[in-house]
Amino acid sequence: MSFKNTLKSALVANVLLLGGIGLAQAQAPIPVVDLRTGPNNAITDVPGILVGHSTRKDAQTGTTALIFPEGALMGMSPSGGAPGTRLGALLTAQHQDAQRVVMHGLTLSGGSIYGLDTACGVVKFLDEKGWTYGGRAHVPGAIIFDLDRGDVDAPPGRGDKPCGDGYVAASNAKEGPVEQGSVGAGTGARAAGMKSGLGTASAVMADGTVVGALVVVNPAGRVYNVNANCELYTLWLELDDEFGDIKVPPQGCSTSPKDMELIRPGENTTIGVIATSAPLTAGQTERLAIVANDGMARAIRPAHSTSDGDTVFSVTLGDDPSTVAQSNFVEAAQFRDILSVAADVYARAITHAVLNADPDLGETYCVRFPGACGSQ
């Protein structure tokens, strides 16, 4: 039996033990959710989502655009102490219940505060396509700090480049597999000093509900456990052998003294989006974003610090968000399972970002720990 299977067996045993205690107290055990990855193991497995990147490796920055041709209801949870967002206030359940603004795009960008301007290119693209609400394209967004990580002669996020980057990313948006690693908004990302990037994952529930996530991983916290031989925190969440031959680093655990030099307050943020095909209300959509933060905390420690801009967007595409009645919502039991799955999918997407990082742009997890990533 492999290490991962042994670990999963131990976790199941603990769940059964706790379930036995619950039965003794006349409580029903927590149900096991039958899951599998979607065909692309990506956020694009949620019908109605397109993803595109604009990547500038010289400057180590870029933009990722998510496009919703049929429109989407969105929410947001800014869990970090220093979020950099666009149209964030409009995404609260309070405002969405009142306005029901249909969103057709979302930008995740590098470039720090300059990266917020990438939304103008996405707006232009949506206007050209006629994918608007009330004659206007509404495009929320969030940013990570990646300034001065690439060629200083090609500074990110200045001049007219942000708007152009947003337009290129939106123009590249498509269905199907999503390129991962040091691309798009994840081009300049780091995780506790190591090279990181952008990752995605999905899960299909027994009733056919699809949950998908896409995350740009740029935290000050580590993605591996220094108290457990530097094993990645999220291996036990794996579905369908998606992580491949990943194991505990066979040559032991080590950290780099350069890490602390690369971790500076205000320069670390993890941003992403969690989406579902279930027809959620505005309140449920906002709750989906809030609970996805649990997935971030499972994969990164510490997360949500005072100087991080950690932000999660949420998307539901199960119905026309402008007309769905407040009474048309997912029942409590089903919604509980969706939330549980969402946190795990978000954590798995973070792991894919780490494992797909480009070693040509910096030291990755697989480079630092030889043998941990199998043949990589």
# chains A, B, ... in the order shown; residues from 1 in each chain; ligands from 1

$ residues_around --residues "stretch 87-95 of chain A" --least-positions-apart "6" --cutoff "6 Å" --atoms "only C-alpha atoms" --output "list in words"
Gly75, Met76, Pro140, Ala282 and Gly283 of chain A

$ write_last_selection --atoms "N, CA and C atoms" --output "PDB file, in the first residue's frame"
ATOM      1  N   GLY A  75     -19.897  36.093  -6.089  1.00  0.00           N
ATOM      2  CA  GLY A  75     -19.696  36.535  -4.720  1.00  0.00           C
ATOM      3  C   GLY A  75     -18.210  36.685  -4.467  1.00  0.00           C
ATOM      4  N   MET A  76     -17.843  37.095  -3.264  1.00  0.00           N
ATOM      5  CA  MET A  76     -16.436  37.304  -2.954  1.00  0.00           C
ATOM      6  C   MET A  76     -16.201  37.220  -1.459  1.00  0.00           C
ATOM      7  N   PRO A 140     -15.231  42.159 -12.331  1.00  0.00           N
ATOM      8  CA  PRO A 140     -14.462  42.238 -11.087  1.00  0.00           C
ATOM      9  C   PRO A 140     -13.037  41.724 -11.305  1.00  0.00           C
ATOM     10  N   ALA A 282     -27.791  34.378  -4.071  1.00  0.00           N
ATOM     11  CA  ALA A 282     -26.694  35.310  -3.803  1.00  0.00           C
ATOM     12  C   ALA A 282     -26.036  34.994  -2.459  1.00  0.00           C
ATOM     13  N   GLY A 283     -26.859  34.701  -1.448  1.00  0.00           N
ATOM     14  CA  GLY A 283     -26.307  34.372  -0.141  1.00  0.00           C
ATOM     15  C   GLY A 283     -25.491  33.099  -0.158  1.00  0.00           C
TER      16      GLY A 283
END

$ atom_distance --atom1 "atom CA of A:Gly221" --atom2 "atom CA of A:Val315"
26.1 Å

$ residues_around --residues "A:Phe313" --least-positions-apart "6" --cutoff "8 Å" --atoms "only C-alpha atoms" --output "PDB file with N, CA and C atoms, in the first residue's frame"
ATOM      1  N   MET A  74     -22.041  36.223  -9.003  1.00  0.00           N
ATOM      2  CA  MET A  74     -20.749  36.117  -8.330  1.00  0.00           C
ATOM      3  C   MET A  74     -20.815  36.609  -6.895  1.00  0.00           C
ATOM      4  N   GLY A  75     -19.897  36.093  -6.089  1.00  0.00           N
ATOM      5  CA  GLY A  75     -19.696  36.535  -4.720  1.00  0.00           C
ATOM      6  C   GLY A  75     -18.210  36.685  -4.467  1.00  0.00           C
ATOM      7  N   MET A  76     -17.843  37.095  -3.264  1.00  0.00           N
ATOM      8  CA  MET A  76     -16.436  37.304  -2.954  1.00  0.00           C
ATOM      9  C   MET A  76     -16.201  37.220  -1.459  1.00  0.00           C
ATOM     10  N   SER A  77     -15.018  36.736  -1.079  1.00  0.00           N
ATOM     11  CA  SER A  77     -14.600  36.719   0.317  1.00  0.00           C
ATOM     12  C   SER A  77     -13.157  37.183   0.401  1.00  0.00           C
ATOM     13  N   GLY A 272      -8.132  33.624  -6.155  1.00  0.00           N
ATOM     14  CA  GLY A 272      -8.695  32.568  -6.981  1.00  0.00           C
ATOM     15  C   GLY A 272     -10.199  32.634  -7.046  1.00  0.00           C
ATOM     16  N   VAL A 273     -10.762  31.611  -7.686  1.00  0.00           N
ATOM     17  CA  VAL A 273     -12.208  31.557  -7.877  1.00  0.00           C
ATOM     18  C   VAL A 273     -12.686  30.125  -7.695  1.00  0.00           C
ATOM     19  N   ILE A 274     -13.830  29.984  -7.043  1.00  0.00           N
ATOM     20  CA  ILE A 274     -14.493  28.695  -6.872  1.00  0.00           C
ATOM     21  C   ILE A 274     -15.840  28.779  -7.587  1.00  0.00           C
ATOM     22  N   ALA A 289     -17.743  31.263  -1.442  1.00  0.00           N
ATOM     23  CA  ALA A 289     -16.432  31.916  -1.407  1.00  0.00           C
ATOM     24  C   ALA A 289     -15.836  31.889  -0.004  1.00  0.00           C
TER      25      ALA A 289
END

$ select_by_dssp --residues "stretch 47-110 of chain A" --states "strand (DSSP E)" --output "MDAnalysis selection string"
chainID A and resid 50:56 61:77 85:86 103:109

$ closest_residue --among "A:Ala203, A:Leu355, A:Ala333, A:Ala137" --to "A:Cys373" --atoms "only C-alpha atoms"
A:Leu355

$ closest_atom_pairs --of "stretch 53-77 of chain A" --to "stretch 116-119 of chain A" --cutoff "12 Å" --atoms "only C-alpha atoms" --output "CSV"
residue,atom,partner,partner_atom,distance
A:His53,CA,A:Thr118,CA,11.7
A:Ser54,CA,A:Thr118,CA,10.3
A:Thr61,CA,A:Thr118,CA,11.9
A:Gly62,CA,A:Thr118,CA,9.5
A:Thr63,CA,A:Thr118,CA,7.3
A:Thr64,CA,A:Thr118,CA,9.4
A:Ala65,CA,A:Ala119,CA,8.7
A:Leu66,CA,A:Ala119,CA,11.0
A:Ile67,CA,A:Ala119,CA,11.7

$ closest_residue --among "A:Thr316, A:Thr269, A:Ser171, A:Thr200" --to "A:Gly121" --atoms "only C-alpha atoms"
A:Ser171

$ atom_distance --atom1 "atom CA of A:Asn293" --atom2 "atom CA of A:Cys253"
27.2 Å

$ closest_residue --among "A:Thr85, A:Gln180, A:Ser112, A:Thr276" --to "A:Val139" --atoms "only C-alpha atoms"
A:Thr85

$ atom_distance --atom1 "atom CA of A:Thr306" --atom2 "atom CA of A:Thr270"
12.9 Å

$ closest_residue --among "A:Leu147, A:Val223, A:Val210, A:Ile49" --to "A:Leu235" --atoms "only C-alpha atoms"
A:Val223

$ select_by_dssp --residues "stretch 144-256 of chain A" --states "helix (DSSP H, G or I)" --output "ChimeraX atom specification"
/A:161-171,184-186,235-237

$ residues_around --residues "stretch 38-46 of chain A" --least-positions-apart "4" --cutoff "8 Å" --atoms "only C-alpha atoms" --output "list in words"
Leu50, Val51, Glu175, Gly176, Pro177, Val178, Thr200, Ala201, Ser202, Ala203, Val204, Val210, Val211, Gly212, Ala213, Leu214, Ile274, Ala275, Thr276 and Ser277 of chain A

$ closest_residue --among "A:Asp310, A:Asp165, A:Asp241, A:Asp34" --to "A:Val216" --atoms "only C-alpha atoms"
A:Asp310
